[in-house]
Amino acid sequence: MNKMNLKNYILKNWLPFAVALTAMVLSVSLDMFSPVLIRHIIDDVVIGGKTELLSRFLAGILAIGIGRCLFQYTKEYLFDTTGSRIAGYIRQDLFRKIQSLSADFFDRINSGELMSRVKDDVDRIWDSLTYIGMLTIEVVIHTAIILYCMYSLSWKLAIIPTVGMMIAACIAVRMERELGSVYEETAQENSVLNNTAAENLAGIRTVKSFAREDFEIRKFAEHNGRYYDLNLKLSRIFVAYYPFLQGITHLLPYLVILPGGFMVMHGKFTLGELTAFVQYSMNIVWPMEMLGWLTNGISAARASAKRIKKIHAEVPLIQECAHPVVLTEVTGAIEFDHVSFETGGKQILQDISFRLPSGSTLGIMGATGAGKTTVINLLKRMYDVTGGVIKLDGTDIRELQLSQLRTSIECVMQDIFLFSDTVSENVKLGRRDSLHDSAVRNAIRSARADNFVEHMPDQYETVIGERGVGLSGGQKQRLTIARALSCGAPVLVLDDSTSALDMETEQQIQQTLSRLHGITKIIIAHRISAVRNADEILVLDKGLVAERGTHEQLLALDGQYRQTYRIQYETYLQETT
């Protein structure tokens with residue numbers, strides 16, 4: 001779904017809801033028939049002396065009890081299962097929507113807030129579709145049938161509970177309005193709290209290494225205190241109004257008995273009718289008591305639905321064209337034609353041009369912030385260029401099918417991410433059916449990761465911790481390189497992917513890369529040893545190409561590349577030349 005519309009979800013599951021509503025109406029109707037039997041027992045049996053009717057009336061009460069049990073079970077079961085199913089669809093569609101959004105969306109929103117939307121907000125909607133929603137509908141049906149029964153007995157006496165209900169409804173509406181605005185703030189602070197906790201736990205080793213525990217505790221306590229204050233504010237609003245609702249419900253039976261008793265004394269009402277009416281008035285008490293709690297839950301669900309709708313309203317900046325080009329075979333020829341990129345009013349890249357024939361290698365160097373990683377993000381269409389054109393095999397990448405473009409370019413990025421799964425599954429990365437174990441093992445050997453993987457307790461089936469906890473930086477880099485090598489994509493990108501490796505291992509991996517024929521390679525690095533064998537090397541400076549050429553040509557220029565060469569491992573490079 002492009003947008004979250006709760007009505008559409010309900011309409012798709014109308015049949016079980018219709019059966020549940022029917023069961024609810026029958027259950028409530030049977031419940032309302034019980035006072036009628038009590039009325040006849042008092043008027044016909046106790047006062048009228050028709051004892052032969054007692055067994056029928058008692059059998060009727062028993063039948064009502066059995067019928068209510070059956071209909072209540074049907075109602076509860078169908079509401080719970082159908083509501084749970086719809087909540088699952090909502091969560092799945094929301095997650096699918098999040099997956100479809102462009103990188104700029106994730107630049108603007110933190111993971112804690114997204115987790116709150118996927119988990120907490122959907123849970124509140126779930127509640128509104130099951131327990132809270134069911135009770136809300138039951139309150140309406142229950143109240144309507146009771147009012148009908150009371151007005152059938154005495155319209156004059158029925159005015160009293162009707163006025164009481166109207167007052168209770170006004171209180172509930174006012175309470176709902178006040179709760180709604182506070183729920184927005186509470187949900188937002190809950191997102192911040194979740195993000196603070198998740199961020200701390202993800203970086204717990206960094207926190208400990210810098211002895212920042214006290215700072216992080218204070219930071220969490222600040223948001224926790226704010227969350228506590230907002231929940232306290234919700235409680236104060238609820239407590240301020242709820243006593244009035246309770247007062248009305250407790251006074252109502254007494255307000256009915258006084259005029260009702262007067263009517264019995266004057267023969268305008270039988271004792272059985274008054275007993276039935278009092279039962280009805282007491283039965284109308286619980287819906288009014290529930291108004292505050294139900295209003296509270298509905299307010300929370302409405303606020304959650306608004307936040308989910310905001311995510312569904314997001315339009316991804318990167319979209320596939322109506323009729324995308326699907327290349328028969330991707331050879332990996334890349335061209336940047338006067339490419340520029342600007343975001344947030346800041347120029348990141350300006351007039352970048354190069355041609356990379358299929359099977360050749362491009363090295364990119366430059367200081368931090370020079371725009372090296374942006375080149376890769378643009379190539380994979382994480383963002384679109386603001387000027388110029390990027391082509392893959394002669395076709396503008398904006399015209400290509402997104403899935404083909406991105407699967408044709410395998411990246412090993414600076415930000416290493418490993419899932420809490422086996423070594424094998426981390427290398428396969430969801431390609432269990434298409435990637436054989438032999439290919440996984442070959443890739444791990446090519447990345448020089450076999451020497452530590454085969455010493456693990458379960459070797460290739462060893463489960464590694466979240467984000468690769470328990471592995472060194474070099475080990476994680478080698479596994480991500482193995483992941484890239486295993487897929488055999490026509491374009492391979494390594495973004496500073498050997499920075500945590502020792503010189504010997506790096507050289508071995510460079511030799512492996514040099515033997516990959518027919519694969520176009522882009523190597524981004526700070527080390528000259530990683531790019532020196534490239535067919536062409538670009539040196540970026542503040543988003544511009546400052547220098548370009550082969551290793552020997554750049555050394556002859558005596559510019560930035562030459563200066564970097566002098567600083568880095570000059571003796572080692574001379575020995576290996």
# chains A, B, ... in the order shown; residues from 1 in each chain; ligands from 1
call {"tool": "residues_around", "arguments": {"residues": "Leu129 (chain A)", "least_positions_apart": "4", "cutoff": "9 Å", "atoms": "only C-alpha atoms", "output": "list in words"}}
result
Phe79, Asp80, Thr82, Gly83, Ser84, Ile86, Ala87, Arg124, Ile125, Gly133 and Met134 of chain A
call {"tool": "select_by_dssp", "arguments": {"residues": "region 362-505 of chain A", "states": "strand (DSSP E or B)", "output": "PyMOL selection string"}}
result
chain A and resi 362-366+387-392+395-396+400+409-412+422+463+491-495
call {"tool": "residues_around", "arguments": {"residues": "region 238-245 of chain A", "least_positions_apart": "4", "cutoff": "10 Å", "atoms": "only C-alpha atoms", "output": "short mmCIF file (atom, residue, chain, number, x, y, z; two decimals) with N, CA and C atoms, in the first residue's frame"}}
result
data_model
loop_
_atom_site.label_atom_id
_atom_site.label_comp_id
_atom_site.auth_asym_id
_atom_site.auth_seq_id
_atom_site.Cartn_x
_atom_site.Cartn_y
_atom_site.Cartn_z
N GLY A 164 -27.47 11.46 32.19
CA GLY A 164 -26.20 11.06 32.78
C GLY A 164 -25.20 10.62 31.73
N MET A 165 -25.67 9.90 30.73
CA MET A 165 -24.78 9.46 29.65
C MET A 165 -24.28 10.62 28.82
N ILE A 167 -23.80 13.71 29.79
CA ILE A 167 -22.78 14.42 30.57
C ILE A 167 -21.46 13.64 30.53
N ALA A 168 -21.55 12.32 30.71
CA ALA A 168 -20.35 11.47 30.68
C ALA A 168 -19.66 11.55 29.31
N ALA A 169 -20.46 11.57 28.24
CA ALA A 169 -19.90 11.65 26.89
C ALA A 169 -19.16 12.96 26.67
N ILE A 171 -17.71 14.80 28.96
CA ILE A 171 -16.47 14.72 29.74
C ILE A 171 -15.43 13.89 28.99
N ALA A 172 -15.88 12.76 28.41
CA ALA A 172 -14.96 11.88 27.69
C ALA A 172 -14.37 12.56 26.46
N ARG A 174 -13.95 15.81 25.97
CA ARG A 174 -12.99 16.84 26.40
C ARG A 174 -11.69 16.20 26.86
N MET A 175 -11.79 15.09 27.56
CA MET A 175 -10.59 14.39 28.02
C MET A 175 -9.78 13.87 26.83
N GLU A 176 -10.49 13.36 25.80
CA GLU A 176 -9.80 12.83 24.62
C GLU A 176 -9.00 13.91 23.91
N GLU A 178 -7.62 16.61 25.21
CA GLU A 178 -6.42 16.94 25.99
C GLU A 178 -5.39 15.83 25.93
N LEU A 179 -5.87 14.59 25.95
CA LEU A 179 -4.94 13.46 25.90
C LEU A 179 -4.24 13.37 24.54
N LEU A 232 3.25 11.23 33.40
CA LEU A 232 2.59 11.77 34.59
C LEU A 232 1.52 12.79 34.19
N LYS A 233 1.83 13.58 33.16
CA LYS A 233 0.86 14.55 32.66
C LYS A 233 -0.37 13.84 32.12
N LEU A 234 -0.17 12.73 31.40
CA LEU A 234 -1.29 11.93 30.92
C LEU A 234 -2.14 11.43 32.09
N THR A 249 -21.76 7.38 37.38
CA THR A 249 -22.16 5.97 37.34
C THR A 249 -22.64 5.46 38.70
N HIS A 250 -22.06 5.96 39.79
CA HIS A 250 -22.47 5.50 41.12
C HIS A 250 -23.78 6.14 41.57
N VAL A 285 -24.00 1.36 33.71
CA VAL A 285 -22.92 1.95 34.48
C VAL A 285 -21.56 1.61 33.88
N MET A 288 -20.21 3.57 30.88
CA MET A 288 -19.77 4.93 31.22
C MET A 288 -18.43 4.90 31.97
N GLU A 289 -18.24 3.88 32.80
CA GLU A 289 -16.96 3.74 33.50
C GLU A 289 -15.83 3.45 32.50
N MET A 290 -16.19 2.74 31.43
CA MET A 290 -15.18 2.39 30.43
C MET A 290 -14.83 3.56 29.52
N LEU A 291 -15.69 4.59 29.47
CA LEU A 291 -15.48 5.68 28.54
C LEU A 291 -14.10 6.30 28.68
N GLY A 292 -13.69 6.56 29.92
CA GLY A 292 -12.39 7.20 30.15
C GLY A 292 -11.24 6.34 29.66
N TRP A 293 -11.27 5.06 30.02
CA TRP A 293 -10.18 4.16 29.63
C TRP A 293 -10.15 3.96 28.13
N THR A 295 -11.37 6.01 25.86
CA THR A 295 -10.94 7.26 25.25
C THR A 295 -9.42 7.38 25.29
N ASN A 296 -8.85 6.97 26.41
CA ASN A 296 -7.40 6.97 26.56
C ASN A 296 -6.73 6.12 25.48
#
call {"tool": "closest_residue", "arguments": {"among": "A:Ala197, A:Leu400, A:Leu418, A:Val19", "to": "Glu320 (chain A)", "atoms": "only C-alpha atoms"}}
result
A:Leu400
call {"tool": "closest_atom_pairs", "arguments": {"of": "region 33-130 of chain A", "to": "region 136-139 of chain A", "cutoff": "12 Å", "atoms": "only C-alpha atoms", "output": "CSV"}}
result
residue,atom,partner,partner_atom,distance
A:Gln72,CA,A:Glu138,CA,11.0
A:Lys75,CA,A:Glu138,CA,10.2
A:Glu76,CA,A:Glu138,CA,11.3
A:Phe79,CA,A:Ile137,CA,11.2
A:Asp127,CA,A:Thr136,CA,11.3
A:Ser128,CA,A:Thr136,CA,8.8
A:Leu129,CA,A:Thr136,CA,9.8
A:Thr130,CA,A:Thr136,CA,9.9
call {"tool": "write_last_selection", "arguments": {"atoms": "N, CA and C atoms", "output": "mmCIF file, in the first residue's frame"}}
result
data_model
loop_
_atom_site.group_PDB
_atom_site.id
_atom_site.type_symbol
_atom_site.label_atom_id
_atom_site.label_comp_id
_atom_site.auth_asym_id
_atom_site.auth_seq_id
_atom_site.Cartn_x
_atom_site.Cartn_y
_atom_site.Cartn_z
ATOM 1 N N GLN A 72 -19.908 -14.906 23.281
ATOM 2 C CA GLN A 72 -18.767 -14.130 23.785
ATOM 3 C C GLN A 72 -17.453 -14.742 23.311
ATOM 4 N N LYS A 75 -17.033 -13.962 19.605
ATOM 5 C CA LYS A 75 -16.681 -12.543 19.452
ATOM 6 C C LYS A 75 -15.218 -12.303 19.806
ATOM 7 N N GLU A 76 -14.805 -12.789 20.981
ATOM 8 C CA GLU A 76 -13.420 -12.563 21.446
ATOM 9 C C GLU A 76 -12.418 -13.188 20.489
ATOM 10 N N PHE A 79 -12.345 -11.267 16.997
ATOM 11 C CA PHE A 79 -11.745 -9.942 17.117
ATOM 12 C C PHE A 79 -10.240 -10.047 17.327
ATOM 13 N N ASP A 127 -4.108 -2.825 19.497
ATOM 14 C CA ASP A 127 -5.029 -2.760 20.639
ATOM 15 C C ASP A 127 -6.382 -2.173 20.230
ATOM 16 N N SER A 128 -6.320 -1.133 19.389
ATOM 17 C CA SER A 128 -7.574 -0.484 18.983
ATOM 18 C C SER A 128 -8.435 -1.399 18.123
ATOM 19 N N LEU A 129 -7.814 -2.361 17.452
ATOM 20 C CA LEU A 129 -8.555 -3.294 16.597
ATOM 21 C C LEU A 129 -9.027 -4.524 17.360
ATOM 22 N N THR A 130 -8.425 -4.788 18.498
ATOM 23 C CA THR A 130 -8.800 -5.989 19.260
ATOM 24 C C THR A 130 -9.560 -5.596 20.519
#
call {"tool": "closest_residue", "arguments": {"among": "A:Leu362, A:Ile159, A:Val440, A:Ala301", "to": "Asp535 (chain A)", "atoms": "only C-alpha atoms"}}
result
A:Leu362
call {"tool": "atom_distance", "arguments": {"atom1": "CA of Thr331 (chain A)", "atom2": "CA of Asp393 (chain A)"}}
result
6.6 Å
call {"tool": "closest_atom_pairs", "arguments": {"of": "region 120-226 of chain A", "to": "region 22-39 of chain A", "cutoff": "7 Å", "atoms": "only C-alpha atoms", "output": "JSON lines"}}
result
{"residue": "A:Glu138", "atom": "CA", "partner": "A:Met24", "partner_atom": "CA", "distance": 6.9}
{"residue": "A:Ile141", "atom": "CA", "partner": "A:Val25", "partner_atom": "CA", "distance": 6.8}
{"residue": "A:His142", "atom": "CA", "partner": "A:Val28", "partner_atom": "CA", "distance": 6.0}
{"residue": "A:Ile146", "atom": "CA", "partner": "A:Met32", "partner_atom": "CA", "distance": 6.9}
call {"tool": "atom_distance", "arguments": {"atom1": "CA of Cys149 (chain A)", "atom2": "CA of Ala20 (chain A)"}}
result
22.9 Å
call {"tool": "residues_around", "arguments": {"residues": "Ile390 (chain A)", "least_positions_apart": "2", "cutoff": "12 Å", "atoms": "only C-alpha atoms", "output": "compact mmCIF listing (two decimals) with all heavy atoms, in the first residue's frame"}}
result
# COMPACT_ATOMS: atom_id res chain seq x y z
N ALA A 333 31.23 -1.30 -17.69
CA ALA A 333 31.84 -0.06 -18.18
C ALA A 333 31.14 1.13 -17.50
O ALA A 333 29.92 1.25 -17.56
CB ALA A 333 31.70 0.05 -19.69
N ILE A 334 31.93 1.99 -16.87
CA ILE A 334 31.38 3.10 -16.08
C ILE A 334 31.88 4.42 -16.64
O ILE A 334 33.06 4.55 -16.99
CB ILE A 334 31.76 2.96 -14.59
CG1 ILE A 334 31.14 1.69 -14.00
CG2 ILE A 334 31.32 4.19 -13.79
CD1 ILE A 334 31.67 1.33 -12.63
N GLU A 335 30.97 5.40 -16.67
CA GLU A 335 31.37 6.73 -17.12
C GLU A 335 30.72 7.80 -16.25
O GLU A 335 29.50 7.77 -16.04
CB GLU A 335 30.96 6.96 -18.59
CG GLU A 335 31.37 8.34 -19.11
CD GLU A 335 30.91 8.60 -20.53
OE1 GLU A 335 30.36 7.65 -21.16
OE2 GLU A 335 31.08 9.73 -21.02
N PHE A 336 31.54 8.70 -15.72
CA PHE A 336 31.06 9.89 -15.02
C PHE A 336 31.28 11.07 -15.96
O PHE A 336 32.43 11.36 -16.33
CB PHE A 336 31.84 10.11 -13.72
CG PHE A 336 31.26 9.40 -12.52
CD1 PHE A 336 31.03 8.03 -12.55
CD2 PHE A 336 30.96 10.10 -11.36
CE1 PHE A 336 30.52 7.37 -11.45
CE2 PHE A 336 30.43 9.45 -10.25
CZ PHE A 336 30.20 8.08 -10.30
N ASP A 337 30.21 11.73 -16.36
CA ASP A 337 30.30 12.82 -17.33
C ASP A 337 29.91 14.13 -16.65
O ASP A 337 28.73 14.44 -16.50
CB ASP A 337 29.37 12.52 -18.52
CG ASP A 337 29.51 13.55 -19.63
OD1 ASP A 337 30.42 14.40 -19.57
OD2 ASP A 337 28.68 13.50 -20.57
N HIS A 338 30.93 14.90 -16.23
CA HIS A 338 30.74 16.21 -15.58
C HIS A 338 29.72 16.12 -14.43
O HIS A 338 28.77 16.90 -14.34
CB HIS A 338 30.29 17.26 -16.61
CG HIS A 338 31.28 17.46 -17.72
ND1 HIS A 338 32.46 18.14 -17.55
CD2 HIS A 338 31.25 17.03 -19.02
CE1 HIS A 338 33.13 18.15 -18.70
NE2 HIS A 338 32.42 17.47 -19.60
N VAL A 339 29.96 15.18 -13.55
CA VAL A 339 29.03 14.92 -12.45
C VAL A 339 29.25 15.90 -11.30
O VAL A 339 30.39 16.14 -10.87
CB VAL A 339 29.18 13.47 -11.94
CG1 VAL A 339 28.45 13.26 -10.62
CG2 VAL A 339 28.68 12.50 -13.00
N SER A 340 28.14 16.45 -10.81
CA SER A 340 28.16 17.32 -9.63
C SER A 340 27.07 16.85 -8.68
O SER A 340 26.06 16.27 -9.09
CB SER A 340 27.92 18.78 -10.01
OG SER A 340 28.95 19.26 -10.85
N PHE A 341 27.29 17.11 -7.39
CA PHE A 341 26.29 16.72 -6.39
C PHE A 341 26.28 17.75 -5.28
O PHE A 341 27.31 18.11 -4.73
CB PHE A 341 26.59 15.34 -5.81
CG PHE A 341 25.61 14.91 -4.75
CD1 PHE A 341 24.29 14.65 -5.08
CD2 PHE A 341 26.02 14.78 -3.43
CE1 PHE A 341 23.39 14.25 -4.09
CE2 PHE A 341 25.13 14.38 -2.45
CZ PHE A 341 23.81 14.11 -2.79
N ASP A 351 31.91 18.70 -11.09
CA ASP A 351 32.50 18.46 -12.41
C ASP A 351 33.49 17.28 -12.40
O ASP A 351 34.63 17.40 -12.81
CB ASP A 351 33.19 19.73 -12.91
CG ASP A 351 33.43 19.68 -14.42
OD1 ASP A 351 32.64 19.02 -15.12
OD2 ASP A 351 34.42 20.29 -14.88
N ILE A 352 33.00 16.12 -11.93
CA ILE A 352 33.82 14.91 -11.91
C ILE A 352 33.59 14.12 -13.20
O ILE A 352 32.45 13.78 -13.54
CB ILE A 352 33.46 14.02 -10.69
CG1 ILE A 352 33.59 14.80 -9.39
CG2 ILE A 352 34.31 12.75 -10.68
CD1 ILE A 352 34.99 15.21 -9.05
N SER A 353 34.67 13.86 -13.91
CA SER A 353 34.57 13.09 -15.16
C SER A 353 35.65 12.03 -15.22
O SER A 353 36.81 12.30 -14.88
CB SER A 353 34.70 14.02 -16.37
OG SER A 353 33.63 14.92 -16.46
N PHE A 354 35.24 10.82 -15.60
CA PHE A 354 36.21 9.75 -15.88
C PHE A 354 35.50 8.64 -16.63
O PHE A 354 34.27 8.50 -16.56
CB PHE A 354 36.87 9.21 -14.60
CG PHE A 354 35.92 8.56 -13.62
CD1 PHE A 354 35.52 7.24 -13.77
CD2 PHE A 354 35.43 9.28 -12.53
CE1 PHE A 354 34.66 6.64 -12.87
CE2 PHE A 354 34.57 8.69 -11.63
CZ PHE A 354 34.18 7.37 -11.79
N ARG A 355 36.29 7.85 -17.36
CA ARG A 355 35.77 6.68 -18.06
C ARG A 355 36.52 5.46 -17.56
O ARG A 355 37.74 5.45 -17.51
CB ARG A 355 35.93 6.83 -19.57
CG ARG A 355 34.95 7.81 -20.20
CD ARG A 355 35.01 7.77 -21.71
NE ARG A 355 34.06 8.69 -22.31
CZ ARG A 355 33.83 8.79 -23.61
NH1 ARG A 355 34.53 8.00 -24.44
NH2 ARG A 355 32.96 9.64 -24.08
N LEU A 356 35.75 4.44 -17.23
CA LEU A 356 36.34 3.22 -16.70
C LEU A 356 35.87 2.05 -17.55
O LEU A 356 34.75 1.55 -17.38
CB LEU A 356 35.90 3.05 -15.23
CG LEU A 356 36.59 1.99 -14.38
CD1 LEU A 356 38.09 2.24 -14.33
CD2 LEU A 356 36.02 2.00 -12.97
N VAL A 375 31.03 9.42 -4.42
CA VAL A 375 31.13 8.88 -5.77
C VAL A 375 30.42 7.52 -5.84
O VAL A 375 29.67 7.24 -6.79
CB VAL A 375 32.61 8.74 -6.19
CG1 VAL A 375 32.73 7.95 -7.50
CG2 VAL A 375 33.26 10.11 -6.33
N ILE A 376 30.64 6.69 -4.85
CA ILE A 376 30.04 5.36 -4.82
C ILE A 376 28.53 5.45 -4.56
O ILE A 376 27.74 4.73 -5.19
CB ILE A 376 30.71 4.48 -3.74
CG1 ILE A 376 32.23 4.48 -3.93
CG2 ILE A 376 30.15 3.07 -3.78
CD1 ILE A 376 32.68 4.17 -5.33
N ASN A 377 28.13 6.32 -3.65
CA ASN A 377 26.70 6.48 -3.37
C ASN A 377 25.93 6.94 -4.61
O ASN A 377 24.79 6.53 -4.84
CB ASN A 377 26.48 7.46 -2.22
CG ASN A 377 26.85 6.87 -0.88
OD1 ASN A 377 26.75 5.66 -0.68
ND2 ASN A 377 27.29 7.69 0.05
N LEU A 378 26.56 7.78 -5.41
CA LEU A 378 25.93 8.24 -6.65
C LEU A 378 25.90 7.12 -7.68
O LEU A 378 24.92 6.97 -8.41
CB LEU A 378 26.67 9.46 -7.22
CG LEU A 378 26.59 10.75 -6.40
CD1 LEU A 378 27.46 11.82 -7.03
CD2 LEU A 378 25.15 11.24 -6.28
N LEU A 379 26.96 6.33 -7.73
CA LEU A 379 27.03 5.24 -8.69
C LEU A 379 25.93 4.21 -8.41
O LEU A 379 25.33 3.67 -9.34
CB LEU A 379 28.41 4.58 -8.65
CG LEU A 379 28.64 3.36 -9.55
CD1 LEU A 379 28.45 3.74 -11.02
CD2 LEU A 379 30.03 2.77 -9.33
N LYS A 380 25.65 3.96 -7.14
CA LYS A 380 24.62 2.97 -6.78
C LYS A 380 23.24 3.60 -6.68
O LYS A 380 22.28 2.94 -6.30
CB LYS A 380 24.98 2.32 -5.43
CG LYS A 380 26.22 1.45 -5.52
CD LYS A 380 26.27 0.38 -4.46
CE LYS A 380 25.14 -0.59 -4.52
NZ LYS A 380 25.47 -1.97 -4.11
N ARG A 381 23.13 4.89 -7.03
CA ARG A 381 21.88 5.65 -6.98
C ARG A 381 21.26 5.66 -5.59
O ARG A 381 20.04 5.55 -5.41
CB ARG A 381 20.85 5.13 -7.99
CG ARG A 381 20.95 5.76 -9.36
CD ARG A 381 19.64 5.64 -10.13
NE ARG A 381 18.71 6.69 -9.80
CZ ARG A 381 17.42 6.70 -10.12
NH1 ARG A 381 16.91 5.67 -10.78
NH2 ARG A 381 16.65 7.71 -9.80
N TYR A 383 21.74 8.33 -4.03
CA TYR A 383 21.32 9.71 -4.30
C TYR A 383 21.42 9.92 -5.81
O TYR A 383 22.15 9.19 -6.49
CB TYR A 383 22.22 10.72 -3.59
CG TYR A 383 22.35 10.52 -2.10
CD1 TYR A 383 23.37 9.72 -1.57
CD2 TYR A 383 21.45 11.11 -1.22
CE1 TYR A 383 23.49 9.52 -0.20
CE2 TYR A 383 21.57 10.92 0.15
CZ TYR A 383 22.59 10.12 0.65
OH TYR A 383 22.71 9.94 2.00
N ASP A 384 20.71 10.91 -6.32
CA ASP A 384 20.82 11.26 -7.73
C ASP A 384 21.71 12.47 -7.90
O ASP A 384 21.73 13.37 -7.06
CB ASP A 384 19.43 11.56 -8.33
CG ASP A 384 18.79 10.31 -8.91
OD1 ASP A 384 19.53 9.36 -9.23
OD2 ASP A 384 17.55 10.28 -9.03
N VAL A 385 22.44 12.49 -8.99
CA VAL A 385 23.32 13.62 -9.29
C VAL A 385 22.49 14.89 -9.45
O VAL A 385 21.33 14.85 -9.87
CB VAL A 385 24.15 13.37 -10.56
CG1 VAL A 385 25.03 12.15 -10.41
CG2 VAL A 385 23.23 13.19 -11.77
N THR A 386 23.07 16.02 -9.09
CA THR A 386 22.40 17.31 -9.33
C THR A 386 22.92 17.96 -10.60
O THR A 386 22.43 19.01 -11.01
CB THR A 386 22.60 18.24 -8.12
OG1 THR A 386 24.00 18.33 -7.81
CG2 THR A 386 21.85 17.71 -6.91
N GLY A 387 23.92 17.34 -11.19
CA GLY A 387 24.46 17.82 -12.46
C GLY A 387 25.25 16.73 -13.14
O GLY A 387 25.88 15.89 -12.48
N GLY A 388 25.20 16.69 -14.48
CA GLY A 388 25.95 15.68 -15.21
C GLY A 388 25.21 14.36 -15.31
O GLY A 388 24.04 14.23 -14.93
N LEU A 392 26.25 3.39 -16.99
CA LEU A 392 26.73 2.03 -16.84
C LEU A 392 26.48 1.33 -18.17
O LEU A 392 25.34 1.26 -18.64
CB LEU A 392 25.99 1.30 -15.71
CG LEU A 392 26.36 -0.17 -15.51
CD1 LEU A 392 27.82 -0.30 -15.08
CD2 LEU A 392 25.45 -0.83 -14.48
N ASP A 393 27.55 0.86 -18.79
CA ASP A 393 27.47 0.25 -20.12
C ASP A 393 26.77 1.18 -21.12
O ASP A 393 25.94 0.74 -21.94
CB ASP A 393 26.74 -1.10 -20.05
CG ASP A 393 27.60 -2.17 -19.39
OD1 ASP A 393 28.77 -1.89 -19.08
OD2 ASP A 393 27.10 -3.28 -19.18
N GLY A 394 27.08 2.46 -21.03
CA GLY A 394 26.55 3.44 -21.98
C GLY A 394 25.14 3.91 -21.72
O GLY A 394 24.61 4.73 -22.47
N THR A 395 24.49 3.44 -20.65
CA THR A 395 23.11 3.83 -20.33
C THR A 395 23.09 4.66 -19.05
O THR A 395 23.71 4.29 -18.04
CB THR A 395 22.21 2.58 -20.14
OG1 THR A 395 22.28 1.78 -21.31
CG2 THR A 395 20.76 2.98 -19.89
N ASP A 396 22.36 5.77 -19.08
CA ASP A 396 22.18 6.61 -17.89
C ASP A 396 21.58 5.75 -16.78
O ASP A 396 20.55 5.09 -16.96
CB ASP A 396 21.21 7.76 -18.23
CG ASP A 396 21.11 8.80 -17.11
OD1 ASP A 396 21.38 8.45 -15.94
OD2 ASP A 396 20.74 9.95 -17.40
N ILE A 397 22.23 5.72 -15.63
CA ILE A 397 21.77 4.83 -14.55
C ILE A 397 20.37 5.18 -14.06
O ILE A 397 19.69 4.35 -13.46
CB ILE A 397 22.76 4.81 -13.36
CG1 ILE A 397 22.90 6.21 -12.73
CG2 ILE A 397 24.12 4.26 -13.78
CD1 ILE A 397 23.68 6.19 -11.43
N ARG A 398 19.91 6.41 -14.31
CA ARG A 398 18.55 6.80 -13.93
C ARG A 398 17.50 6.10 -14.79
O ARG A 398 16.32 6.08 -14.44
CB ARG A 398 18.38 8.32 -14.01
CG ARG A 398 19.12 9.06 -12.90
CD ARG A 398 19.16 10.55 -13.12
NE ARG A 398 20.00 10.91 -14.26
CZ ARG A 398 20.41 12.14 -14.53
NH1 ARG A 398 20.07 13.15 -13.72
NH2 ARG A 398 21.16 12.39 -15.58
N GLU A 399 17.93 5.55 -15.91
CA GLU A 399 17.01 4.82 -16.79
C GLU A 399 17.06 3.31 -16.56
O GLU A 399 16.23 2.58 -17.08
CB GLU A 399 17.36 5.11 -18.26
CG GLU A 399 17.22 6.58 -18.64
CD GLU A 399 17.69 6.84 -20.07
OE1 GLU A 399 18.01 5.86 -20.78
OE2 GLU A 399 17.73 8.02 -20.48
N LEU A 400 18.02 2.86 -15.75
CA LEU A 400 18.18 1.43 -15.52
C LEU A 400 17.24 0.94 -14.42
O LEU A 400 16.83 1.69 -13.54
CB LEU A 400 19.62 1.11 -15.12
CG LEU A 400 20.69 1.24 -16.19
CD1 LEU A 400 22.06 1.04 -15.59
CD2 LEU A 400 20.44 0.24 -17.33
N LEU A 405 20.83 -2.49 -11.38
CA LEU A 405 21.95 -1.59 -11.14
C LEU A 405 22.67 -1.94 -9.85
O LEU A 405 23.91 -2.09 -9.83
CB LEU A 405 21.44 -0.13 -11.07
CG LEU A 405 22.45 0.91 -10.60
CD1 LEU A 405 23.57 1.08 -11.62
CD2 LEU A 405 21.76 2.24 -10.32
call {"tool": "atom_distance", "arguments": {"atom1": "CA of Val256 (chain A)", "atom2": "CA of Thr162 (chain A)"}}
result
11.3 Å
call {"tool": "select_by_dssp", "arguments": {"residues": "region 304-488 of chain A", "states": "helix (DSSP H, G or I)", "output": "MDAnalysis selection string"}}
result
chainID A and resid 304:312 372:379 397:399 402:407 423:428 437:446 450:453 459:461 466:468 473:487
